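Trainee: Pasting in a structure now, in C-alpha cells, and then I'll have a few things to ask.
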Amino acid sequence: MSRALHPLAPRLWRVASRTVELADVVTLGVEPDTDAGARFRPGQFNMLSAFGVGEAAISVSSRPGDNLVGHTIRDVGPVTHALALARVGDVVGVRGPFGTDWGVGPGPGPDGSPGDDGGDVVVVAGGIGLAPLRGAIDLLAEGRRPGSTTVLVGARSPDQVLFADDLARWSRAGVQVEVTVDVPGPGWTGPVGVVTGLLDRTRFDPTGAVALVCGPEIMIRFTARALMARGVDPDRIRVSLERNMQCGLGWCGHCQLGPLLLCRDGPVVPYAGVVETLLRQRQR
Amino acid sequence: MREDVGAVVAAHPLFAGLPGPVADLVGSCARNVALADGALLLREGEPADTLYLIRRGTVSIEVHAPGRGPIVVEHVPAGHVVGWSWIVPPRVWHFDARALGPVGAVAVDAQCLRDKATDDPAFGYQLMSRLFGIVVERLQATRVRLLDLYGPGSGG
C-alpha cells in the first residue's frame with residue numbers, strides 16, 4: 001500500500017539528460033518516478049529542489065508524453081546555479097505540476113476566459129520566456145487545428161536565441177517563425193528591434209485569434225498593447241506571470257498579485273481585467 | 001510614370017487612407033528605385049535629401065566605428081520608411097542606411113516635399129503628422145530596447 005506524499009515533500013527524480021542551451025541556460029531532463037509524475041499541461045511549473053541549497057519554481061519546457069520532463073533553467077541565483085550544475089545521474093527534488101496551463105485545444109481558457117475556437121494562434125516570447133511555451137508550440141505545430149500558428153521571438157543577441165533547433169523544426173512544420181534581436185552580431189540578417197515590431201510583418205487574422213505571451217513583464221505589457229492595436233481581443237491574450245512562488249499550493253501567499261495567487265491562479269492568466277490593471281500599478 | 005509612382009505612394013502604409021490628391025502630390029516628387037545588396041541609401045554626414053518608402057527588402061540602419069566596421073542599429077522592413085533627417089536642420093544624415101539584399105523603394109525628393117508642404121499647409125500637416133507617428137513609434141521601440149529586457153537578471 002503506497003502512502004501519499006505530503007504536498008510539501010519533494011519526490012526524488014533523477015537527472016537523465018542535461019543540455020546546455022545558452023551560456024547561462026541549461027535544460028535538465030528528469031525522469032519521473034511514476035507515470036503520474038509525467039502528467040502536466042504546457043504552461044505549468046514544478047518546484048525543483050537542489051538539496052542543501054533551496055527550491056525554485058521552474059516551468060516545464062518539454063511536451064506532455066515525453067519520457068523525460070524538461071526544465072529549462074537560467075543560472076541567475078544560488079538555487080538555479082546549483083540546479084544548472086546538476087549532472088546526469090544526480091537527484092533533484094520535484095514537487096508539482098502546479099498552476100494553470102496555456103489552454104491550447106478545446107475547452108475554456110484560463111480563469112474562464114474565451115477558449116481556443118480554432119482561430120489563429122500568435123505566440124510571443126522574450127528571452128527565456130520561450131521555455132514555458134515550448135510544449136504548447138509543439139502541440140500547435142502538429143497542425144491539427146484549422147488556424148495558423150505564428151511564433152515571434154525576441155532575444156538580446158543571436159547567441160541568446162533559445163531553442164534554435166526547435167524554431168527551425170517548427171518552421172519546417174508550417175509555423176510562421178520570426179526572431180528579432182536587440183543587438184545583432186556579424187552576419188545577422190534577420191530583424192533587429194523590439195519583438196512587437198514583428199507583429200507588423202506577421203500574417204494572422206485577429207478575429208478569434210488567441211495570443212500566448214511570456215517574457216519580462218515590461219515586454220508582456222508592450223506586447224499586449226500591440227496585439228490589441230492589431231485587433232486581438234484582450235480576453236484572448238494569455239500571459240504567463242511569475243512572482244515569488246514558494247509553496248505552489250496557494251497556502252503561503254508569497255506569490256500574491258492583487259487578488260491572484262499566481263502559483264494557483266497562474267502562472268497563465270488572461271491579460272484582460274485584473275492583470276492588465278495590476279501590471280499598470282506603480283509599486284515600490 | 002507619375003501616375004504609377006502616385007499609386008505606389010498611395011499604397012504605402014505611411015500614406016494609407018490619405019485622399020488621392022495628397023498621394024499624387026507626394027508622387028510628383030517621387031521615383032521608383034532599385035538598390036543592390038549592400039548599396040548605401042544614406043551616408044552619415046551627407047546632406048539629407050530623400051525620404052525612402054521601402055517597398056521590398058530590408059534596410060539596415062548602421063553607424064560606422066573605426067576598427068569595428070558597421071554597427072547595426074536597426075533593420076527596417078518593407079512597408080516602413082527610411083530617412084527623416086531632412087525635416088529639421090542641419091539636414092544631414094546621422095546614420096548610414098544599407099540595403100540588406102535587393103531593395104525596392106520609392107525615393108521622394110525632400111526639397112520638393114518641403115516646398116509642397118510650405119505651399120499647402122494642410123498637406124504639410126498631414127505629412128508631418130504621419131512622419132511624426134513613425135518617429136514616435138521608433139523612439140518608443142528604442143526606449144524599450146534601452147531597458148535591456150533580456151539581459152542578465154531580467155525576468156522571463
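Labeling convention for the C-alpha cells: chains A, B, ... as they appear, residues from 1 per chain, ligands from 1 in order of appearance.
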Could you pull out all residues of chain B with a DSSP call of helix (DSSP H, G or I) and give them as a ChimeraX atom specification?
Mentor: /B:2-11,13-15,20-27,110-119,121-146
Trainee: Once you count only C-alpha atoms, which residues of chain B turn out to be within 12 Å of chain A? Could you give them as a PyMOL selection string?
Mentor: chain B and resi 13+37-38+57-62+68-80+98-101+137-156
Trainee: Hey, which of A:Ala168, A:Leu133, A:Val177, A:Ala23 ends up closest to Thr149 in chain A? Count only C-alpha atoms.
Mentor: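 Checking each candidate against Thr149 in chain A, we get A:Val177 as the closest.
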Trainee: List the spatial neighbours of Val60 in chain A as a PDB file with N, CA and C atoms, in the first residue's frame - criterion: any atom at most 7 Å away, only C-alpha atoms, same-chain residues fewer than 6 positions off excluded.
Mentor:
ATOM      1  N   PRO A  42       1.126  21.959 -20.755  1.00  0.00           N
ATOM      2  CA  PRO A  42       2.088  23.013 -21.112  1.00  0.00           C
ATOM      3  C   PRO A  42       1.723  24.340 -20.473  1.00  0.00           C
ATOM      4  N   GLY A  43       2.703  24.953 -19.836  1.00  0.00           N
ATOM      5  CA  GLY A  43       2.487  26.215 -19.127  1.00  0.00           C
ATOM      6  C   GLY A  43       2.616  26.045 -17.626  1.00  0.00           C
ATOM      7  N   GLN A  44       2.442  24.797 -17.140  1.00  0.00           N
ATOM      8  CA  GLN A  44       2.550  24.565 -15.701  1.00  0.00           C
ATOM      9  C   GLN A  44       4.017  24.557 -15.274  1.00  0.00           C
ATOM     10  N   PHE A  45       4.223  24.559 -13.957  1.00  0.00           N
ATOM     11  CA  PHE A  45       5.601  24.568 -13.452  1.00  0.00           C
ATOM     12  C   PHE A  45       5.757  23.544 -12.331  1.00  0.00           C
ATOM     13  N   ASN A  46       6.983  23.193 -12.076  1.00  0.00           N
ATOM     14  CA  ASN A  46       7.337  22.359 -10.926  1.00  0.00           C
ATOM     15  C   ASN A  46       8.202  23.168  -9.973  1.00  0.00           C
ATOM     16  N   VAL A  69      10.869  14.793 -18.275  1.00  0.00           N
ATOM     17  CA  VAL A  69      10.204  16.087 -18.071  1.00  0.00           C
ATOM     18  C   VAL A  69      11.291  17.168 -18.106  1.00  0.00           C
ATOM     19  N   GLY A  70      11.194  18.042 -19.084  1.00  0.00           N
ATOM     20  CA  GLY A  70      12.224  19.055 -19.292  1.00  0.00           C
ATOM     21  C   GLY A  70      12.019  20.285 -18.423  1.00  0.00           C
ATOM     22  N   HIS A  71      13.098  20.778 -17.884  1.00  0.00           N
ATOM     23  CA  HIS A  71      13.070  22.030 -17.115  1.00  0.00           C
ATOM     24  C   HIS A  71      14.219  22.890 -17.612  1.00  0.00           C
ATOM     25  N   PRO A 132       8.561  28.064 -21.211  1.00  0.00           N
ATOM     26  CA  PRO A 132       7.239  27.557 -20.818  1.00  0.00           C
ATOM     27  C   PRO A 132       6.287  27.390 -21.998  1.00  0.00           C
TER      28      PRO A 132
END
Trainee: Extract the full set of strand (DSSP E) residues from range 75-120 of chain A according to DSSP on the backbone, and format it as a PyMOL selection string.
Mentor: chain A and resi 91-98
Trainee: Mind writing the picked residues with N, CA, C and O atoms as an mmCIF file, in the first residue's frame?
Mentor:
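What landed in result_1.cif:
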data_model
loop_
_atom_site.group_PDB
_atom_site.id
_atom_site.type_symbol
_atom_site.label_atom_id
_atom_site.label_comp_id
_atom_site.auth_asym_id
_atom_site.auth_seq_id
_atom_site.Cartn_x
_atom_site.Cartn_y
_atom_site.Cartn_z
ATOM 1 N N VAL A 91 20.303 13.530 -8.320
ATOM 2 C CA VAL A 91 18.896 13.520 -7.925
ATOM 3 C C VAL A 91 18.480 14.938 -7.535
ATOM 4 O O VAL A 91 19.210 15.626 -6.820
ATOM 5 N N VAL A 92 17.327 15.347 -8.052
ATOM 6 C CA VAL A 92 16.763 16.640 -7.657
ATOM 7 C C VAL A 92 15.389 16.387 -7.044
ATOM 8 O O VAL A 92 14.763 15.354 -7.299
ATOM 9 N N GLY A 93 14.947 17.325 -6.224
ATOM 10 C CA GLY A 93 13.618 17.217 -5.649
ATOM 11 C C GLY A 93 12.601 17.871 -6.579
ATOM 12 O O GLY A 93 12.878 18.905 -7.180
ATOM 13 N N VAL A 94 11.439 17.234 -6.693
ATOM 14 C CA VAL A 94 10.409 17.772 -7.599
ATOM 15 C C VAL A 94 9.057 17.766 -6.884
ATOM 16 O O VAL A 94 8.632 16.735 -6.339
ATOM 17 N N ARG A 95 8.405 18.918 -6.897
ATOM 18 C CA ARG A 95 7.002 18.993 -6.471
ATOM 19 C C ARG A 95 6.211 19.607 -7.616
ATOM 20 O O ARG A 95 6.660 20.558 -8.239
ATOM 21 N N GLY A 96 5.047 19.092 -7.867
ATOM 22 C CA GLY A 96 4.230 19.654 -8.923
ATOM 23 C C GLY A 96 3.564 18.570 -9.738
ATOM 24 O O GLY A 96 3.559 17.414 -9.320
ATOM 25 N N PRO A 97 3.022 18.852 -10.886
ATOM 26 C CA PRO A 97 2.994 20.177 -11.509
ATOM 27 C C PRO A 97 1.948 21.091 -10.854
ATOM 28 O O PRO A 97 0.954 20.618 -10.327
ATOM 29 N N PHE A 98 2.244 22.377 -10.924
ATOM 30 C CA PHE A 98 1.382 23.374 -10.315
ATOM 31 C C PHE A 98 0.857 24.355 -11.373
ATOM 32 O O PHE A 98 1.496 24.593 -12.403
#
Trainee: Hey, can you check how far CA of Leu139 in chain A sits from CA of Leu212 in chain A?
Mentor: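 If I compute the distance from CA of Leu139 in chain A to CA of Leu212 in chain A, I get 13.4 Å.
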Trainee: Work out how far CA of Val5 in chain B is from CA of Asn32 in chain B, in Å to one decimal.
Mentor: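 We find that CA of Asn32 in chain B and CA of Val5 in chain B lie 6.8 Å from each other.
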Trainee: Considering only C-alpha atoms, can you say which of B:Asp4, B:Val9, B:Arg114, B:Ala23 comes closest to Tyr52 in chain B?
Mentor: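 Under the stated criterion, the closest residue is B:Val9.
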Trainee: Quick one, how far is CA of Asp235 in chain A from CA of Ala272 in chain A?
Mentor: 5.2 Å
Trainee: Using only C-alpha atoms, which residues sit within 12 Å of Asp116 in chain A once same-chain residues fewer than 2 positions away are excluded, as a ChimeraX atom specification?
Mentor: /A:102-110,112-114,118-122,140,145-147,207-212,235-238
Trainee: Just want the 10 Å neighbourhood of Asp109 in chain B, counted on only C-alpha atoms, with same-chain residues fewer than 5 positions away dropped. Output as a PyMOL selection string.
Mentor: chain B and resi 26-31+48-52+86+114
Trainee: Restricting the output to all heavy atoms, write the selected residues as an mmCIF file, in the first residue's frame.
Mentor:
data_model
loop_
_atom_site.group_PDB
_atom_site.id
_atom_site.type_symbol
_atom_site.label_atom_id
_atom_site.label_comp_id
_atom_site.auth_asym_id
_atom_site.auth_seq_id
_atom_site.Cartn_x
_atom_site.Cartn_y
_atom_site.Cartn_z
ATOM 1 N N VAL B 26 2.582 63.825 -53.362
ATOM 2 C CA VAL B 26 3.842 63.186 -52.968
ATOM 3 C C VAL B 26 4.454 62.495 -54.180
ATOM 4 O O VAL B 26 5.664 62.589 -54.428
ATOM 5 C CB VAL B 26 3.606 62.163 -51.830
ATOM 6 C CG1 VAL B 26 4.922 61.472 -51.457
ATOM 7 C CG2 VAL B 26 3.004 62.841 -50.606
ATOM 8 N N GLY B 27 3.593 61.823 -54.947
ATOM 9 C CA GLY B 27 4.083 61.093 -56.111
ATOM 10 C C GLY B 27 4.792 61.985 -57.114
ATOM 11 O O GLY B 27 5.732 61.547 -57.797
ATOM 12 N N SER B 28 4.385 63.244 -57.172
ATOM 13 C CA SER B 28 5.020 64.150 -58.129
ATOM 14 C C SER B 28 6.460 64.474 -57.727
ATOM 15 O O SER B 28 7.206 65.039 -58.517
ATOM 16 C CB SER B 28 4.195 65.440 -58.250
ATOM 17 O OG SER B 28 4.234 66.164 -57.033
ATOM 18 N N CYS B 29 6.816 64.132 -56.506
ATOM 19 C CA CYS B 29 8.203 64.349 -56.049
ATOM 20 C C CYS B 29 8.988 63.040 -56.015
ATOM 21 O O CYS B 29 10.122 63.016 -55.511
ATOM 22 C CB CYS B 29 8.212 64.926 -54.622
ATOM 23 S SG CYS B 29 7.444 66.529 -54.436
ATOM 24 N N ALA B 30 8.371 61.942 -56.490
ATOM 25 C CA ALA B 30 8.957 60.629 -56.191
ATOM 26 C C ALA B 30 9.363 59.864 -57.444
ATOM 27 O O ALA B 30 8.902 60.162 -58.546
ATOM 28 C CB ALA B 30 7.945 59.813 -55.400
ATOM 29 N N ARG B 31 10.238 58.884 -57.221
ATOM 30 C CA ARG B 31 10.621 57.975 -58.299
ATOM 31 C C ARG B 31 10.900 56.608 -57.690
ATOM 32 O O ARG B 31 11.314 56.507 -56.521
ATOM 33 C CB ARG B 31 11.852 58.488 -59.053
ATOM 34 C CG ARG B 31 13.068 58.571 -58.184
ATOM 35 C CD ARG B 31 14.198 59.377 -58.833
ATOM 36 N NE ARG B 31 15.207 59.698 -57.841
ATOM 37 C CZ ARG B 31 16.230 58.922 -57.527
ATOM 38 N NH1 ARG B 31 16.406 57.769 -58.163
ATOM 39 N NH2 ARG B 31 17.094 59.266 -56.591
ATOM 40 N N ALA B 48 20.873 65.422 -46.118
ATOM 41 C CA ALA B 48 19.664 64.596 -46.042
ATOM 42 C C ALA B 48 18.669 65.155 -47.053
ATOM 43 O O ALA B 48 18.104 66.233 -46.847
ATOM 44 C CB ALA B 48 19.100 64.634 -44.629
ATOM 45 N N ASP B 49 18.472 64.426 -48.132
ATOM 46 C CA ASP B 49 17.677 64.984 -49.223
ATOM 47 C C ASP B 49 16.605 64.040 -49.739
ATOM 48 O O ASP B 49 15.948 64.347 -50.733
ATOM 49 C CB ASP B 49 18.611 65.370 -50.385
ATOM 50 C CG ASP B 49 19.501 64.219 -50.807
ATOM 51 O OD1 ASP B 49 19.307 63.095 -50.283
ATOM 52 O OD2 ASP B 49 20.407 64.432 -51.639
ATOM 53 N N THR B 50 16.418 62.894 -49.104
ATOM 54 C CA THR B 50 15.491 61.901 -49.656
ATOM 55 C C THR B 50 14.724 61.189 -48.547
ATOM 56 O O THR B 50 15.302 60.854 -47.506
ATOM 57 C CB THR B 50 16.266 60.829 -50.468
ATOM 58 O OG1 THR B 50 17.141 61.479 -51.388
ATOM 59 C CG2 THR B 50 15.319 59.906 -51.217
ATOM 60 N N LEU B 51 13.447 60.970 -48.805
ATOM 61 C CA LEU B 51 12.641 60.083 -47.961
ATOM 62 C C LEU B 51 12.436 58.794 -48.748
ATOM 63 O O LEU B 51 11.980 58.839 -49.894
ATOM 64 C CB LEU B 51 11.284 60.727 -47.667
ATOM 65 C CG LEU B 51 10.207 59.814 -47.062
ATOM 66 C CD1 LEU B 51 10.569 59.398 -45.650
ATOM 67 C CD2 LEU B 51 8.841 60.514 -47.071
ATOM 68 N N TYR B 52 12.801 57.675 -48.154
ATOM 69 C CA TYR B 52 12.638 56.386 -48.829
ATOM 70 C C TYR B 52 11.438 55.642 -48.255
ATOM 71 O O TYR B 52 11.359 55.426 -47.041
ATOM 72 C CB TYR B 52 13.879 55.511 -48.655
ATOM 73 C CG TYR B 52 15.078 55.981 -49.450
ATOM 74 C CD1 TYR B 52 16.056 56.776 -48.860
ATOM 75 C CD2 TYR B 52 15.227 55.626 -50.788
ATOM 76 C CE1 TYR B 52 17.163 57.212 -49.584
ATOM 77 C CE2 TYR B 52 16.320 56.057 -51.521
ATOM 78 C CZ TYR B 52 17.278 56.847 -50.919
ATOM 79 O OH TYR B 52 18.352 57.275 -51.641
ATOM 80 N N TRP B 86 15.897 65.112 -43.061
ATOM 81 C CA TRP B 86 15.672 66.277 -43.930
ATOM 82 C C TRP B 86 14.605 67.209 -43.379
ATOM 83 O O TRP B 86 14.426 68.319 -43.878
ATOM 84 C CB TRP B 86 15.260 65.812 -45.347
ATOM 85 C CG TRP B 86 14.109 64.851 -45.334
ATOM 86 C CD1 TRP B 86 14.182 63.500 -45.289
ATOM 87 C CD2 TRP B 86 12.715 65.165 -45.317
ATOM 88 N NE1 TRP B 86 12.925 62.939 -45.261
ATOM 89 C CE2 TRP B 86 12.008 63.946 -45.277
ATOM 90 C CE3 TRP B 86 11.991 66.355 -45.350
ATOM 91 C CZ2 TRP B 86 10.621 63.879 -45.256
ATOM 92 C CZ3 TRP B 86 10.596 66.291 -45.324
ATOM 93 C CH2 TRP B 86 9.936 65.064 -45.278
ATOM 94 N N ARG B 114 9.235 69.402 -49.071
ATOM 95 C CA ARG B 114 9.185 70.568 -48.163
ATOM 96 C C ARG B 114 8.511 71.754 -48.850
ATOM 97 O O ARG B 114 7.713 72.471 -48.249
ATOM 98 C CB ARG B 114 10.595 70.961 -47.708
ATOM 99 C CG ARG B 114 11.113 70.170 -46.518
ATOM 100 C CD ARG B 114 12.245 70.906 -45.805
ATOM 101 N NE ARG B 114 13.306 71.300 -46.717
ATOM 102 C CZ ARG B 114 14.320 70.514 -47.059
ATOM 103 N NH1 ARG B 114 14.400 69.293 -46.562
ATOM 104 N NH2 ARG B 114 15.255 70.925 -47.883
#
Trainee: Neighbouring residues of Ala38 in chain A were defined as those with any atom within 8 Å, considering only C-alpha atoms; residues of the same chain fewer than 6 positions away were excluded. Please report them as a list of chain:residue names.
Mentor: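 Those residues are A:Pro32, A:Pro64, A:Gly65, A:Asp66, A:Asn67, A:Leu68, A:Val69.
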Trainee: Please write the residues from the selection above to a file, keeping all heavy atoms, as a PDB file, in the first residue's frame.
Mentor:
ATOM      1  N   PRO A  32      10.651  10.918 -14.274  1.00  0.00           N
ATOM      2  CA  PRO A  32       9.647  10.804 -13.211  1.00  0.00           C
ATOM      3  C   PRO A  32       9.726   9.438 -12.541  1.00  0.00           C
ATOM      4  O   PRO A  32      10.081   8.437 -13.183  1.00  0.00           O
ATOM      5  CB  PRO A  32       8.318  10.961 -13.951  1.00  0.00           C
ATOM      6  CG  PRO A  32       8.654  11.484 -15.295  1.00  0.00           C
ATOM      7  CD  PRO A  32      10.044  11.056 -15.597  1.00  0.00           C
ATOM      8  N   PRO A  64       3.901  17.178 -23.111  1.00  0.00           N
ATOM      9  CA  PRO A  64       3.290  16.042 -22.438  1.00  0.00           C
ATOM     10  C   PRO A  64       3.539  14.770 -23.247  1.00  0.00           C
ATOM     11  O   PRO A  64       3.460  14.782 -24.472  1.00  0.00           O
ATOM     12  CB  PRO A  64       1.801  16.392 -22.420  1.00  0.00           C
ATOM     13  CG  PRO A  64       1.759  17.876 -22.548  1.00  0.00           C
ATOM     14  CD  PRO A  64       2.932  18.245 -23.397  1.00  0.00           C
ATOM     15  N   GLY A  65       3.850  13.728 -22.558  1.00  0.00           N
ATOM     16  CA  GLY A  65       4.076  12.461 -23.236  1.00  0.00           C
ATOM     17  C   GLY A  65       5.539  12.137 -23.441  1.00  0.00           C
ATOM     18  O   GLY A  65       5.889  10.984 -23.720  1.00  0.00           O
ATOM     19  N   ASP A  66       6.417  13.119 -23.337  1.00  0.00           N
ATOM     20  CA  ASP A  66       7.846  12.837 -23.454  1.00  0.00           C
ATOM     21  C   ASP A  66       8.282  11.962 -22.277  1.00  0.00           C
ATOM     22  O   ASP A  66       7.722  12.053 -21.185  1.00  0.00           O
ATOM     23  CB  ASP A  66       8.656  14.143 -23.437  1.00  0.00           C
ATOM     24  CG  ASP A  66       8.521  14.925 -24.739  1.00  0.00           C
ATOM     25  OD1 ASP A  66       7.921  14.377 -25.694  1.00  0.00           O
ATOM     26  OD2 ASP A  66       8.999  16.067 -24.792  1.00  0.00           O
ATOM     27  N   ASN A  67       9.284  11.149 -22.511  1.00  0.00           N
ATOM     28  CA  ASN A  67       9.753  10.262 -21.443  1.00  0.00           C
ATOM     29  C   ASN A  67      10.351  11.056 -20.283  1.00  0.00           C
ATOM     30  O   ASN A  67      10.213  10.682 -19.126  1.00  0.00           O
ATOM     31  CB  ASN A  67      10.810   9.297 -21.989  1.00  0.00           C
ATOM     32  CG  ASN A  67      10.196   8.312 -22.961  1.00  0.00           C
ATOM     33  OD1 ASN A  67       9.010   7.984 -22.843  1.00  0.00           O
ATOM     34  ND2 ASN A  67      10.991   7.853 -23.920  1.00  0.00           N
ATOM     35  N   LEU A  68      11.040  12.129 -20.623  1.00  0.00           N
ATOM     36  CA  LEU A  68      11.663  12.948 -19.588  1.00  0.00           C
ATOM     37  C   LEU A  68      10.906  14.266 -19.472  1.00  0.00           C
ATOM     38  O   LEU A  68      10.393  14.787 -20.465  1.00  0.00           O
ATOM     39  CB  LEU A  68      13.127  13.230 -19.936  1.00  0.00           C
ATOM     40  CG  LEU A  68      14.023  12.012 -20.153  1.00  0.00           C
ATOM     41  CD1 LEU A  68      15.442  12.448 -20.520  1.00  0.00           C
ATOM     42  CD2 LEU A  68      14.041  11.129 -18.915  1.00  0.00           C
ATOM     43  N   VAL A  69      10.869  14.793 -18.275  1.00  0.00           N
ATOM     44  CA  VAL A  69      10.204  16.087 -18.071  1.00  0.00           C
ATOM     45  C   VAL A  69      11.291  17.168 -18.106  1.00  0.00           C
ATOM     46  O   VAL A  69      12.218  17.166 -17.286  1.00  0.00           O
ATOM     47  CB  VAL A  69       9.447  16.108 -16.730  1.00  0.00           C
ATOM     48  CG1 VAL A  69       8.742  17.449 -16.550  1.00  0.00           C
ATOM     49  CG2 VAL A  69       8.435  14.963 -16.684  1.00  0.00           C
TER      50      VAL A  69
END
Trainee: Counting only C-alpha atoms, which of B:Leu14, B:Ala117, B:Val92, B:Ala7 gets nearest to Leu42 in chain B?
Mentor: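 Nearest to Leu42 in chain B: B:Val92.
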Trainee: What lies within 12 Å of Arg172 in chain A using only C-alpha atoms, ignoring chain neighbours under 5 positions off, as JSON, numbers by chain?
Mentor: {"A": [141, 142, 143, 165, 166, 167, 177]}
Trainee: With distances taken over only C-alpha atoms, which of A:Arg87, A:Arg203, A:Arg225, A:His81 is nearest to Leu152 in chain A?
Mentor: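 The closest residue to Leu152 in chain A is A:Arg203.
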